[in-house]
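J.: Next up, model-v4.txt (compact mmCIF, C-alpha atoms).
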```
# COMPACT_ATOMS: atom_id res chain seq x y z
CA MET A 1 131.86 36.05 38.09
CA SER A 2 132.67 32.94 40.06
CA THR A 3 130.45 30.20 41.43
CA VAL A 4 130.67 29.26 45.10
CA LEU A 5 128.91 26.59 47.13
CA TYR A 6 127.12 27.34 50.39
CA PRO A 7 126.33 23.96 51.99
CA GLY A 8 124.13 23.26 54.97
CA SER A 9 121.14 21.36 56.22
CA PHE A 10 118.98 24.51 56.29
CA ASP A 11 116.40 22.88 58.56
CA PRO A 12 115.10 25.56 58.33
CA ILE A 13 116.82 28.35 56.44
CA HIS A 14 116.81 31.56 58.49
CA ASN A 15 117.70 35.23 58.11
CA GLY A 16 121.35 34.61 59.05
CA HIS A 17 121.63 32.18 56.14
CA VAL A 18 119.91 34.66 53.82
CA ASP A 19 122.41 37.33 54.88
CA VAL A 20 125.40 35.07 54.14
CA VAL A 21 123.96 34.13 50.74
CA ALA A 22 123.40 37.80 49.86
CA GLN A 23 126.97 38.67 50.84
CA ALA A 24 128.39 35.72 48.89
CA ALA A 25 126.36 36.68 45.80
CA GLU A 26 127.67 40.25 46.04
CA LEU A 27 131.26 39.03 46.37
CA PHE A 28 131.30 36.14 43.89
CA GLY A 29 128.30 36.51 41.58
CA ASN A 30 126.84 32.99 41.64
CA VAL A 31 125.95 31.02 44.73
CA VAL A 32 124.75 27.43 44.75
CA VAL A 33 122.98 26.81 48.02
CA ALA A 34 123.49 23.11 48.68
CA VAL A 35 120.76 21.63 50.83
CA MET A 36 122.65 18.65 52.15
CA HIS A 37 121.07 15.33 53.05
CA ASN A 38 122.79 12.48 54.78
CA PRO A 39 120.68 9.32 54.37
CA ASP A 40 122.48 7.78 57.38
CA LYS A 41 121.13 10.46 59.72
CA PRO A 42 117.57 11.27 60.80
CA SER A 43 115.88 13.48 58.25
CA GLY A 44 115.18 16.39 60.59
CA LEU A 45 112.01 18.39 60.83
CA LEU A 46 111.51 19.24 57.15
CA SER A 47 112.06 16.89 54.22
CA THR A 48 114.88 17.66 51.83
CA SER A 49 112.45 18.60 49.06
CA GLU A 50 110.59 20.94 51.40
CA ARG A 51 113.86 22.56 52.54
CA VAL A 52 114.83 23.10 48.88
CA ARG A 53 111.42 24.62 48.06
CA ILE A 54 111.47 26.93 51.06
CA ALA A 55 115.07 28.00 50.40
CA ARG A 56 114.23 28.80 46.76
CA GLU A 57 111.28 30.93 47.85
CA SER A 58 113.32 32.64 50.57
CA LEU A 59 116.25 33.44 48.25
CA ALA A 60 114.38 34.28 45.03
CA HIS A 61 115.08 38.00 45.48
CA ILE A 62 118.87 37.53 45.31
CA PRO A 63 120.27 37.45 41.74
CA GLY A 64 122.70 34.65 40.90
CA VAL A 65 121.42 32.19 43.52
CA THR A 66 120.32 28.62 42.83
CA VAL A 67 119.26 25.99 45.35
CA GLU A 68 119.88 22.26 44.87
CA ALA A 69 119.77 19.15 47.05
CA PHE A 70 122.94 17.11 47.41
CA THR A 71 123.89 13.93 49.24
CA GLY A 72 127.39 12.93 50.25
CA LEU A 73 130.28 15.28 50.85
CA ALA A 74 130.14 19.05 50.42
CA VAL A 75 133.47 18.92 48.56
CA ASP A 76 131.91 16.57 45.99
CA ALA A 77 128.95 18.93 45.60
CA ALA A 78 131.40 21.82 45.15
CA SER A 79 133.29 19.90 42.46
CA SER A 80 130.07 18.98 40.67
CA VAL A 81 129.13 22.67 40.24
CA ASN A 82 132.72 23.79 39.53
CA ALA A 83 132.73 25.99 42.62
CA LEU A 84 135.71 28.24 43.23
CA CYS A 85 135.32 27.65 46.97
CA ILE A 86 132.94 26.70 49.76
CA VAL A 87 131.36 29.57 51.67
CA LYS A 88 130.52 29.19 55.34
CA GLY A 89 128.83 31.70 57.62
CA LEU A 90 130.20 32.58 61.03
CA ARG A 91 128.20 33.83 64.01
CA THR A 92 130.38 33.09 67.03
CA PRO A 93 133.92 32.06 67.95
CA GLY A 94 132.54 28.53 68.44
CA ASP A 95 131.43 28.49 64.79
CA PHE A 96 134.96 29.40 63.77
CA GLU A 97 136.48 26.48 65.67
CA ILE A 98 134.12 23.96 64.07
CA GLU A 99 134.32 25.45 60.57
CA GLN A 100 138.12 25.80 60.67
CA GLN A 101 138.59 22.09 61.34
CA MET A 102 136.13 21.25 58.57
CA ALA A 103 137.85 23.67 56.16
CA HIS A 104 141.26 22.11 56.80
CA THR A 105 139.83 18.62 56.31
CA ASN A 106 138.03 19.61 53.11
CA PHE A 107 141.17 21.21 51.72
CA SER A 108 143.33 18.21 52.59
CA VAL A 109 141.01 15.76 50.80
CA SER A 110 139.99 17.89 47.83
CA GLY A 111 142.09 21.05 47.49
CA ILE A 112 138.96 23.20 47.72
CA ARG A 113 139.24 26.23 49.96
CA THR A 114 136.68 27.66 52.36
CA VAL A 115 135.85 31.35 52.66
CA TYR A 116 134.16 32.61 55.83
CA VAL A 117 131.47 35.27 55.73
CA PRO A 118 130.38 36.74 59.05
CA CYS A 119 126.67 37.38 59.37
CA GLN A 120 125.39 40.77 60.46
CA PRO A 121 125.83 41.25 64.23
CA GLY A 122 122.08 41.53 64.71
CA LEU A 123 121.68 37.99 63.37
CA SER A 124 124.42 36.27 65.38
CA HIS A 125 121.90 34.77 67.82
CA VAL A 126 119.75 33.11 65.15
CA SER A 127 119.99 29.33 64.87
CA SER A 128 117.83 26.71 63.17
CA ARG A 129 117.70 24.65 66.35
CA PHE A 130 116.32 27.55 68.42
CA ILE A 131 113.88 28.47 65.66
CA ARG A 132 112.47 24.92 65.58
CA ASP A 133 112.13 24.92 69.37
CA ILE A 134 110.42 28.31 69.52
CA ALA A 135 108.05 27.41 66.67
CA GLN A 136 107.18 24.07 68.27
CA HIS A 137 106.07 25.88 71.40
CA GLY A 138 104.02 28.46 69.52
CA GLY A 139 106.49 31.34 69.79
CA ASP A 140 106.92 34.13 67.28
CA ILE A 141 109.80 33.42 64.87
CA SER A 142 108.86 36.03 62.26
CA SER A 143 111.85 38.28 63.00
CA MET A 144 114.31 35.43 62.47
CA VAL A 145 113.06 33.72 59.31
CA PRO A 146 111.72 34.55 55.86
CA ALA A 147 107.92 34.36 55.51
CA PRO A 148 107.95 30.96 53.68
CA VAL A 149 109.76 29.42 56.65
CA ALA A 150 107.33 30.86 59.20
CA ALA A 151 104.42 29.43 57.19
CA ALA A 152 106.05 26.00 56.81
CA LEU A 153 106.83 25.73 60.52
CA ALA A 154 103.35 26.88 61.51
CA ALA A 155 101.96 24.08 59.34
CA ALA A 156 104.46 21.54 60.68
CA PHE A 157 103.55 22.28 64.31
CA LYS A 158 99.76 22.63 63.89
```
Would it be possible to restate this file's structure as structure tokens?

T.:
Amino acid sequence: MSTVLYPGSFDPIHNGHVDVVAQAAELFGNVVVAVMHNPDKPSGLLSTSERVRIARESLAHIPGVTVEAFTGLAVDAASSVNALCIVKGLRTPGDFEIEQQMAHTNFSVSGIRTVYVPCQPGLSHVSSRFIRDIAQHGGDISSMVPAPVAAALAAAFK
């Protein structure tokens, strides 16, 4: 069994993320979901501690998964947990272009490789940004997010 790091802001975590985590756990055994926080950027909708709590609740059914908050670079987080590689999910060709540049940069500064995991085709339209927008306007997000996320966003947009 190997440990891999799956970094992201997860604001909020959604079913596409859950799918990538489940695939990574099946492939590698242990997945550290790194809820990243950049103190130089706006905090987003949910606080880091709330994103960690919600991710833990949403991923509790997947063996070998832990969720931790990290600041700084994803490559440093990967090194701190002795990760074999960084895992990134892909939905669209646009995701590939962005992630490929990041993967090359990460490898050049740290030697850590990135492995891409495509999400299920039925989840390729799901994005945190759209989920936040739909929830803010009272729309139904239940098919795109785990129940803890739906509850947290309903409370956030009361």

J.: Edge lengths and centre in Å to one decimal, as AutoDock Vina command-line options, of the axis-aligned box that encloses all listed atoms of region 77-91 of chain A with 4 Å added on every side?

T.:
```
--center_x 132.0 --center_y 26.4 --center_z 51.8 --size_x 15.5 --size_y 22.9 --size_z 32.5
```

J.: Need the shell around region 81-97 of chain A: protein/DNA/RNA residues with any atom at most 7 Å away, counting all atoms listed in the file. Skip same-chain ones fewer than 6 positions apart. Format as a list in words?

T.: Ser2, Thr3, Val4, Leu5, Tyr6, Val20, Ile112, Arg113, Thr114, Val115, Tyr116, Val117, Pro118, Cys119 and Ser124 of chain A

J.: So that I can see what lies close to Leu27 (chain A), please list as a PDB file with C-alpha atoms, in the coordinates of the input the residues with an atom at most 9 Å from it, counting all atoms listed in the file and leaving out residues fewer than 3 positions away in the same chain.

T.:
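Written out: result_18.pdb:
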```pdb
ATOM      1  CA  MET A   1     131.860  36.050  38.090  1.00  0.00           C
ATOM      2  CA  SER A   2     132.670  32.940  40.060  1.00  0.00           C
ATOM      3  CA  ALA A  22     123.400  37.800  49.860  1.00  0.00           C
ATOM      4  CA  GLN A  23     126.970  38.670  50.840  1.00  0.00           C
ATOM      5  CA  ALA A  24     128.390  35.720  48.890  1.00  0.00           C
ATOM      6  CA  ASN A  30     126.840  32.990  41.640  1.00  0.00           C
TER       7      ASN A  30
END
```

J.: Between CA of Ser9 (chain A) and CA of Met36 (chain A), measure the distance and give it in Å to one decimal.

T.: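 These atoms are spaced 5.1 Å apart.
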
J.: With all atoms listed in the file as the basis for distance, which of A:Val145, A:Leu59, A:Val109, A:Ile54 is at the shortest distance from Leu123 (chain A)?

T.: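 The answer is A:Val145, which sits nearest to Leu123 (chain A).
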
J.: Applying 10 Å and all atoms listed in the file, which residues near His14 (chain A) remain after dropping the ones on its own chain fewer than 4 positions away? List them as a count of residues only.

T.: 19

J.: In Å, with one decimal, what is the gap from CA of Ala135 (chain A) to CA of Phe70 (chain A)?

T.: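 According to the coordinates, CA of Ala135 (chain A) and CA of Phe70 (chain A) are separated by 26.4 Å.
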
J.: What does the structure give for the distance between CA of Asp140 (chain A) and CA of Glu99 (chain A), in Å to one decimal?

T.: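 Separation of CA of Asp140 (chain A) and CA of Glu99 (chain A): 29.5 Å.
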
J.: Have a look at A:Thr105, A:Pro148, A:Arg129, A:Gln120 and name the one nearest to Val52 (chain A); count only C-alpha atoms.

T.: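 Ranked by minimum distance to Val52 (chain A), first place goes to A:Pro148.
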
J.: Step by step: start from the point (105.9, 27.3, 68.1) in the file's coordinates, keep every protein, DNA or RNA residue that has an atom no farther than 10 Å from it, count all atoms listed in the file, and write the set as a ChimeraX atom specification.

T.: /A:131-141,150,153-154,156-158

J.: For the residues in the current selection, export C-alpha atoms as an mmCIF file, in the coordinates of the input.

T.:
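Result written to part-v1.cif:
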```
data_model
loop_
_atom_site.group_PDB
_atom_site.id
_atom_site.type_symbol
_atom_site.label_atom_id
_atom_site.label_comp_id
_atom_site.auth_asym_id
_atom_site.auth_seq_id
_atom_site.Cartn_x
_atom_site.Cartn_y
_atom_site.Cartn_z
ATOM 1 C CA ILE A 131 113.880 28.470 65.660
ATOM 2 C CA ARG A 132 112.470 24.920 65.580
ATOM 3 C CA ASP A 133 112.130 24.920 69.370
ATOM 4 C CA ILE A 134 110.420 28.310 69.520
ATOM 5 C CA ALA A 135 108.050 27.410 66.670
ATOM 6 C CA GLN A 136 107.180 24.070 68.270
ATOM 7 C CA HIS A 137 106.070 25.880 71.400
ATOM 8 C CA GLY A 138 104.020 28.460 69.520
ATOM 9 C CA GLY A 139 106.490 31.340 69.790
ATOM 10 C CA ASP A 140 106.920 34.130 67.280
ATOM 11 C CA ILE A 141 109.800 33.420 64.870
ATOM 12 C CA ALA A 150 107.330 30.860 59.200
ATOM 13 C CA LEU A 153 106.830 25.730 60.520
ATOM 14 C CA ALA A 154 103.350 26.880 61.510
ATOM 15 C CA ALA A 156 104.460 21.540 60.680
ATOM 16 C CA PHE A 157 103.550 22.280 64.310
ATOM 17 C CA LYS A 158 99.760 22.630 63.890
#
```

J.: When distances are computed from only C-alpha atoms, which of A:Gly111, A:Pro121, A:Pro12, A:Gly29 shows the smallest separation from Thr48 (chain A)?

T.: A:Pro12

J.: Out of A:Ile13, A:Gly72, A:Gly122, A:Ser108, which residue has the shortest atom-to-atom distance to Leu45 (chain A) when counting all atoms listed in the file?

T.: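 Among A:Ile13, A:Gly72, A:Gly122, A:Ser108, it is A:Ile13 that comes nearest to Leu45 (chain A).
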
J.: Compare A:Met102, A:Val65, A:Val35, A:Ala74 by their minimum atom-to-atom distance to Arg51 (chain A), counting only C-alpha atoms, and give me the closest one.

T.: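 Result for the nearest residue to Arg51 (chain A): A:Val35.
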